[in-house]
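Structure first, commentary second.
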Amino acid sequence: MPASAPARPSVPEPALVPLPGGGLADGHRSADLETLVLVAERGSLSAAARHLGVSPSAVSKAMSRLETRLGVQLLQRSTRRVLLTPEGTQLCQGAKRLLADLAELEAEVAARSEPRGTVRISASTSTGTVLLLPLVPRLLEALPGLSLDLHFSDQVVDLAEAGIDIAIRWGALPASDVIARLLGRTRQVVVASPAYLARCGMPAHPQDLQRHVRLGWNYPRAIAHWPFLVEGRRVAVDAGQVIRVNDGDVMRQLALQGTGLARLSLYHAWDDLVQGRLVPVLDAFDCGDLEPIHAVYVGRPDRLPPRTRAVLDFLQAHVDLRYAEARWAPAVQGAPAG
């Protein structure tokens, strides 16, 4: 709109689109009625045209189209001013009421499209407990129209089949039809309890792990070895020969109880490391790999329900894994911000 254009009228702006030939797209009847009201309020076709950013002839064609459709004259045109005929006055008054009702209806529908309803979220037990649960009070405070249906399991579910809106997934994502938003990345750390190390000794080199119990995973796509960096080369040590589990919290509990060594995400082991309940093992041989954590969903981003988009935006803004990306250093580490 030109900088010198007059202020907008109280009625909604006509939804008219200039065409290359100088006319206006007749998308719906309300557009012509909005144009009629605008012409009546502005007092001329040219003033209405300036407001719309189109030519006066385009507005004139729109009014002629409306008169042709109704079979009556609506405007008395002169070189200086346009006046409404009695029929035009009647139609304009009715159009104002109709457009006001339409604006109210649209506002009601738009209000309903604000984040409301239930959002179903799936996450592994450890990820849900450590990353999601602490954010729930703030999420519900920020989005009071929502309710949450939380599903914590280390079993990877089919989102569409299970009716899940958002899933929090750890690690590289396989090829699929899900859309992903990156929430952060985390290092992995081999840990053991002080009691286990007092009983079995602290490994000094990855080759020493052959004498230790190495807890492993048994879920699909689990990697059956631990990577280390030895003299610039990546080496792999098998894990899970004695015990394998499919739940992160079970793995952590086994490590806390002194059953063996475990390789956990740094964010998962963080509090135990800070409190000394777990101790890092072979940290000097850490490869520095960062595992991504995503919030994934099914469907087109531009057609997400407002409630799902609002939760995704909240998670992306508030999940903070920066502390889990750095190498563990007890002298400088502190509890992550809540």
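Note on naming: chains are A, B, ... as they come in the structure tokens, residues start from 1 per chain, ligands start from 1 in the order shown.
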
Distance query segment 87-98 of chain A at most 7 Å, only C-alpha atoms, self and fewer than 4 positions along chain excluded, as number ranges by chain: A: 33, 36-37, 74-75, 102

Surrounding residues of segment 62-65 of chain A excluding itself and chain neighbours under 2 positions, 10 Å, only C-alpha atoms, as a ChimeraX atom specification: /A:16,23-26,31-33,35-36,39,45,56-60,67-75

Might you pull out every residue within 8 Å of segment 245-248 of chain A, with only C-alpha atoms counted and same-chain residues fewer than 6 positions away left off, and present them as a ChimeraX atom specification? /A:124-126,153-155,215-219,264

Counting only C-alpha atoms, give me one row per residue of segment 219-313 of chain A with an atom at most 9 Å from an atom of segment 119-123 of chain A, showing the shortest contact pair and its distance in Å to one decimal, sorted by chain then residue number, as JSON lines.
{"residue": "A:Arg307", "atom": "CA", "partner": "A:Val119", "partner_atom": "CA", "distance": 6.8}
{"residue": "A:Thr308", "atom": "CA", "partner": "A:Val119", "partner_atom": "CA", "distance": 6.4}
{"residue": "A:Val311", "atom": "CA", "partner": "A:Val119", "partner_atom": "CA", "distance": 8.0}

Ranking A:Glu291, A:Glu34, A:Asp286, A:Asp320 by minimum distance to Val190 of chain A and counting only C-alpha atoms, which one comes first? A:Asp286

May I have the residues within 12 Å of Gly288 of chain A as a ChimeraX atom specification, using only C-alpha atoms and disregarding those fewer than 3 positions away in the same chain? /A:185-189,227-229,234,266,283-285,291,324-328

Among segment 197-227 of chain A, which residues carry a DSSP assignment of strand (DSSP E), reported as a list in words?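 Reading the DSSP output for segment 197-227 of chain A, strand (DSSP E) covers Gly216, Trp217, His225, Trp226 and Pro227 of chain A.
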
Exercise: Pro203 of chain A partners within 12 Å, only C-alpha atoms, chain neighbours under 6 positions left out, as a list of chain:residue names: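 Selected residues are A:Val190, A:Val191, A:Ala192, A:Tyr196, A:Leu197, A:Leu209, A:Gln210, A:Arg211, A:His212, A:Val213, A:Arg214, A:Leu261, A:Val279, A:Pro280, A:Val281, A:Leu282, A:Asp283, A:Ala284, A:Phe285.
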
Writer output for current selection, N, CA, C and O atoms, as a compact mmCIF listing (two decimals), in the first residue's frame:
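Result file follows (result.txt):
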# COMPACT_ATOMS: atom_id res chain seq x y z
N VAL A 190 31.17 -43.82 29.24
CA VAL A 190 31.23 -45.12 29.92
C VAL A 190 31.36 -44.83 31.41
O VAL A 190 32.21 -44.04 31.84
N VAL A 191 30.50 -45.48 32.20
CA VAL A 191 30.46 -45.19 33.64
C VAL A 191 30.44 -46.49 34.43
O VAL A 191 30.11 -47.57 33.92
N ALA A 192 30.80 -46.35 35.70
CA ALA A 192 30.71 -47.47 36.65
C ALA A 192 30.52 -46.88 38.04
O ALA A 192 30.84 -45.70 38.28
N TYR A 196 31.79 -50.88 42.16
CA TYR A 196 32.26 -51.80 41.13
C TYR A 196 33.76 -51.61 40.88
O TYR A 196 34.52 -52.58 40.78
N LEU A 197 34.19 -50.36 40.79
CA LEU A 197 35.60 -50.08 40.51
C LEU A 197 36.49 -50.52 41.67
O LEU A 197 37.62 -50.97 41.46
N LEU A 209 39.02 -53.74 29.01
CA LEU A 209 37.61 -54.02 29.18
C LEU A 209 37.27 -55.49 29.04
O LEU A 209 36.19 -55.93 29.46
N GLN A 210 38.16 -56.27 28.45
CA GLN A 210 37.90 -57.70 28.30
C GLN A 210 37.73 -58.37 29.66
O GLN A 210 37.11 -59.43 29.76
N ARG A 211 38.26 -57.77 30.72
CA ARG A 211 38.16 -58.36 32.06
C ARG A 211 36.96 -57.82 32.84
O ARG A 211 36.81 -58.12 34.02
N HIS A 212 36.11 -57.01 32.17
CA HIS A 212 35.01 -56.36 32.89
C HIS A 212 33.66 -56.75 32.26
O HIS A 212 33.58 -57.09 31.07
N VAL A 213 32.61 -56.65 33.07
CA VAL A 213 31.25 -56.84 32.58
C VAL A 213 30.81 -55.57 31.86
O VAL A 213 30.82 -54.48 32.46
N ARG A 214 30.44 -55.70 30.60
CA ARG A 214 30.03 -54.55 29.78
C ARG A 214 28.55 -54.72 29.44
O ARG A 214 28.18 -55.58 28.64
N LEU A 261 29.96 -52.18 33.83
CA LEU A 261 30.14 -50.89 33.16
C LEU A 261 28.97 -50.65 32.22
O LEU A 261 28.46 -51.58 31.60
N VAL A 279 31.07 -42.95 38.10
CA VAL A 279 32.38 -42.39 37.78
C VAL A 279 32.67 -42.64 36.30
O VAL A 279 32.43 -43.74 35.80
N PRO A 280 33.16 -41.63 35.56
CA PRO A 280 33.51 -41.86 34.16
C PRO A 280 34.70 -42.79 34.02
O PRO A 280 35.64 -42.75 34.83
N VAL A 281 34.65 -43.63 33.00
CA VAL A 281 35.70 -44.63 32.75
C VAL A 281 36.25 -44.42 31.35
O VAL A 281 35.49 -44.24 30.39
N LEU A 282 37.56 -44.44 31.21
CA LEU A 282 38.24 -44.33 29.91
C LEU A 282 37.84 -43.06 29.16
O LEU A 282 37.76 -43.06 27.93
N ASP A 283 37.62 -41.97 29.90
CA ASP A 283 37.20 -40.73 29.25
C ASP A 283 38.28 -40.19 28.31
O ASP A 283 37.98 -39.49 27.34
N ALA A 284 39.55 -40.52 28.60
CA ALA A 284 40.64 -40.04 27.74
C ALA A 284 40.59 -40.67 26.35
O ALA A 284 41.21 -40.15 25.41
N PHE A 285 39.86 -41.76 26.20
CA PHE A 285 39.75 -42.45 24.91
C PHE A 285 38.40 -42.18 24.23
O PHE A 285 38.04 -42.85 23.27

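In this comparison, which uses only C-alpha atoms, the residue of A:Ser46, A:Gln207, A:Gln275, A:Val296 approaching Val156 of chain A most closely is A:Val296.
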